[in-house]
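K.L.:
Handing you a structure now.
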Amino acid sequence: MAKLLFNVLKLSPIVVAATLFVSNGAFAAEEKVTSVDELAQVTSVSQLSDVQPSDWAFQSVQSLVERYGCIAGYPDGTFKGNRALTRYEFAAGLNACLERITQLIAAGTTVVPEADMEAIDRLAEEFNDELIGVIDRINGLDARAAKIEANQFSTTAKLRGEALFAVSDVFGAKDSNDKIGNGGNGSNTVFSNRVRLGISTSFNGKDNLSLRLQARNTPQFDGGSGTARPNITGTNMTRLGFDGATADGGRNVEMDKLSYSFKPSDKLSVKIDAVGAAMDDNVNNYNPVFASSGGGAISRYGRFNPIYRVASGQSAVTANLGKSNSRLRLNAGYVTNNATDNTKGIFEGDNTFFGQVDLKPTKKLNVGVAYARAYRAGGSGLFGSTGSGNANSPFKGQATTATTANVYSLLANYQLNSKTTLAGWYGFADADAGTNDANINYWAANLGFKDFGAKGNTLGVIFGQPPKVTKNSVAKGEDKGTSYHLEGLYKMRVNDRIDVTPGLLVIFNPEHNEANKTVYVGTLRTTFKF
């Protein structure tokens with residue numbers, strides 16, 4: 001075969017060019033082509049920057065381009081003629097040239113020299129088996145493509161899903177008032193789930209319409225009311241990052257999110273949330289390892305800075321000036337929570353103005369400054385059910401409870417190496433309600449180790465102090481002690497679609513009260529993605 005190929009090469013320059021055609025990577029396993037459009041038709045050899053007149057095959061390539069138009073190049077204007085090729089690759093390129101020459105002969109626009117035809121015929125005979133294999137592979141791909149098109153969800157929309165199963169329990173002693181811990185409150189091991197389906201589509205390539213449906217039945221171990229909030233721990237500090245329930249114990253489905261984002265320019269992006277506004281989704285939350293409820297921290301507080309919960313609600317508009325990897329980026333948003341009474345309008349009732357400046361001094365360091373001005377008509381829910389009861393409702397029991405708060409925060413994350421990330425935040429708030437005022441602070445730091453033990457696994461440690469009232473003009477409104485949040489988790493990657501995460505949350509001095517005993521929350525979370 002080698003001798004035959006050598007003799008054929010001497011017969012005609014078209015064979016040399018055909019060899020170069022396939023060696024440009026159109027059918028090569030080593031070169032990944034993401035789109036058919038990546039290989040562009042070449043009409044002149046001058047379009048190929050790496051084919052020079054001094055090259056030994058220049059005339060062959062030029063002949064193939066000008067006489068037969070049977071050649072393609074890469075978008076960067078290169079030919080990559082020095083690549084090695086297999087028999088299948090050669091056969092694929094030869095087949096393309098055969099088809100092109102057949103078209104030219106049928107059209108009568110080109111006279112193919114006899115020497116070229118003899119060379120092509122001898123090559124076709126030698127590579128007959130490979131040519132048949134290539135045709136069979138193409139036919140198989142056509143059949144698979146037709147099947148995918150017939151069964152695809154949509155030509156314009158993408159469907160993504162996540163199913164989360166969790167086994168959780170609370171452990172710890174109770175205090176004298178039977179408020180903290182599981183003693184006497186009937187804490188049992190709980191098996192719960194959360195299912196989400198997300199649909200997204202784009203109308204012009206620079207925008208995105210997103211809808212998410214959700215059903216869940218994970219209890220909130222915080223001492224609230226209702227079947228989904230059993231009085232087990234008496235503190236928001238024990239809440240899980242994925243807890244909450246839809247109506248009828250999670251059997252009903254709710255529209256969890258609805259948003260539309262677009263880019264008026266390359267450096268400006270705008271997002272409008274109609275349902276389920278969450279500022280942590282709209283800006284850099286500085287906690288990339290643990291922010292996800294399905295794959296990050298197991299606790300509510302450990303996922304991200306509470307200032308983003310201050311700036312979350314029913315609807316929002318957010319603008320980001322600067323690209324995500326820019327050294328300087330400005331973010332601004334307005335959030336309203338008019339879910340209970342739409343008659344109040346978007347500028348009445350609970351609302352928050354939000355601003356954040358992102359700085360990137362080095363490739364490894366990200367630093368941010370965030371501010372939120374929040375108004376709560378009922379005076380509660382200030383920190384989105386993180387921290388103590390006093391922090392969330394600093395003036396409860398007062399005649400005038402409508403509360404305004406200014407929240408300031410510093411955020412940072414640092415890439416210690418390619419697999420280790422250090423992140424943290426500090427926040428301070430001053431709240432007032434008429435003649436009453438209070439100060440609140442919080443902080444946290446965490447370490448994330450990717451590929452720990454095995455590729456895809458993540459080990460995480462989170463430590464901090466949940467929101468605490470350090471000063472309050474209202475009697476008994478201050479938190480006298482200090483709670484500490486300690487969390488450890490290990491996410492194990494079963495495959496690209498399944499993660500299993502055991503985790504333990506420990507709250508020392510719950511509710512910032514040293515009389516309360518330590519509470520433990522254990523969770524085994526399994527997340528399926530599709």
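By order of appearance in the structure tokens: chains A, B, ..., then residues from 1 within every chain, and ligands from 1 in the order shown.
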So which bits of region 333-519 of chain A end up alpha helix (DSSP H) when you DSSP the backbone, as a PyMOL selection string?
P.N.:
chain A and resi 389-392
K.L.:
Restrict the selected residues to N, CA, C and O atoms and save them as a compact mmCIF listing (two decimals), in the first residue's frame.
P.N.:
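And here is the file that came out, part13.txt:
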# COMPACT_ATOMS: atom_id res chain seq x y z
N GLY A 389 -33.23 35.83 67.11
CA GLY A 389 -34.55 36.42 66.98
C GLY A 389 -34.50 37.92 67.17
O GLY A 389 -35.23 38.67 66.50
N ASN A 390 -33.63 38.40 68.07
CA ASN A 390 -33.48 39.84 68.28
C ASN A 390 -32.94 40.53 67.03
O ASN A 390 -33.34 41.65 66.69
N ALA A 391 -32.01 39.89 66.33
CA ALA A 391 -31.42 40.49 65.13
C ALA A 391 -32.45 40.62 64.02
O ALA A 391 -32.45 41.60 63.26
N ASN A 392 -33.32 39.64 63.89
CA ASN A 392 -34.34 39.68 62.84
C ASN A 392 -35.48 40.62 63.17
O ASN A 392 -36.09 41.19 62.28
K.L.:
Skip region 484-487 of chain A itself and residues of its chain fewer than 5 positions away, then list as an MDAnalysis selection string all residues within 7 Å of it, counting only C-alpha atoms.
P.N.:
chainID A and resid 461:466 504:509
K.L.:
Kindly indicate which residue among A:Ser192, A:Ser483, A:Ser293, A:Asn439 lies nearest to Lys517 (chain A), using only C-alpha atoms for the distances.
P.N.:
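Checking each of A:Ser192, A:Ser483, A:Ser293, A:Asn439 against Lys517 (chain A), counting only C-alpha atoms, the winner is A:Ser483.
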K.L.:
Would you list the contacts of region 347-354 of chain A as a ChimeraX atom specification, taking every protein, DNA or RNA residue within 12 Å and counting only C-alpha atoms, but skipping same-chain residues closer than 6 positions in sequence?
P.N.:
/A:277-280,282-283,307-320,330-341,369-383,402-409
K.L.:
Which neighbours of Leu422 (chain A) fall inside 6 Å, counting only C-alpha atoms, when residues of the same chain fewer than 5 positions from it are skipped, and could you give them as an mmCIF file with N, CA, C and O atoms, in the first residue's frame?
P.N.:
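Okay, selection-v2.cif is ready:
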data_model
loop_
_atom_site.group_PDB
_atom_site.id
_atom_site.type_symbol
_atom_site.label_atom_id
_atom_site.label_comp_id
_atom_site.auth_asym_id
_atom_site.auth_seq_id
_atom_site.Cartn_x
_atom_site.Cartn_y
_atom_site.Cartn_z
ATOM 1 N N ASN A 413 -12.728 36.925 48.814
ATOM 2 C CA ASN A 413 -12.296 35.528 48.667
ATOM 3 C C ASN A 413 -10.916 35.518 48.020
ATOM 4 O O ASN A 413 -10.576 36.389 47.224
ATOM 5 N N TYR A 414 -10.124 34.530 48.397
ATOM 6 C CA TYR A 414 -8.744 34.450 47.943
ATOM 7 C C TYR A 414 -8.440 33.028 47.520
ATOM 8 O O TYR A 414 -8.707 32.071 48.254
ATOM 9 N N ASN A 446 -14.536 30.831 55.734
ATOM 10 C CA ASN A 446 -14.598 29.416 55.362
ATOM 11 C C ASN A 446 -13.434 29.041 54.467
ATOM 12 O O ASN A 446 -12.810 29.873 53.812
ATOM 13 N N LEU A 447 -13.159 27.743 54.445
ATOM 14 C CA LEU A 447 -12.128 27.165 53.593
ATOM 15 C C LEU A 447 -12.757 26.055 52.769
ATOM 16 O O LEU A 447 -13.472 25.194 53.301
#
K.L.:
Nearest residue to Asn305 (chain A) out of A:Phe262, A:Phe242, A:Phe449, A:Phe428, using only C-alpha atoms?
P.N.:
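Residue with the minimum atom-to-atom distance to Asn305 (chain A): A:Phe428.
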K.L.:
Let me make sure I understand: among A:Pro394, A:Gly249, A:Gly460, A:Gly296, which one has the smallest atom-to-atom distance to Gly448 (chain A) if we use only C-alpha atoms?
P.N.:
A:Gly460
K.L.:
Counting only C-alpha atoms, which of A:Leu197, A:Met237, A:Val253, A:Ala433 gets nearest to Glu511 (chain A)?
P.N.:
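Comparing A:Leu197, A:Met237, A:Val253, A:Ala433 against Glu511 (chain A), the winner is A:Met237.
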K.L.:
With only C-alpha atoms as the basis for distance, which of A:Asp451, A:Asp358, A:Asp55, A:Glu162 is at the shortest distance from Thr526 (chain A)?
P.N.:
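Counting only C-alpha atoms, the residue closest to Thr526 (chain A) is A:Glu162.
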K.L.:
Can you tell me how far CA of Gly434 (chain A) sits from CA of Pro467 (chain A), in Å to one decimal?
P.N.:
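Taking CA of Gly434 (chain A) and CA of Pro467 (chain A), their separation equals 21.9 Å.
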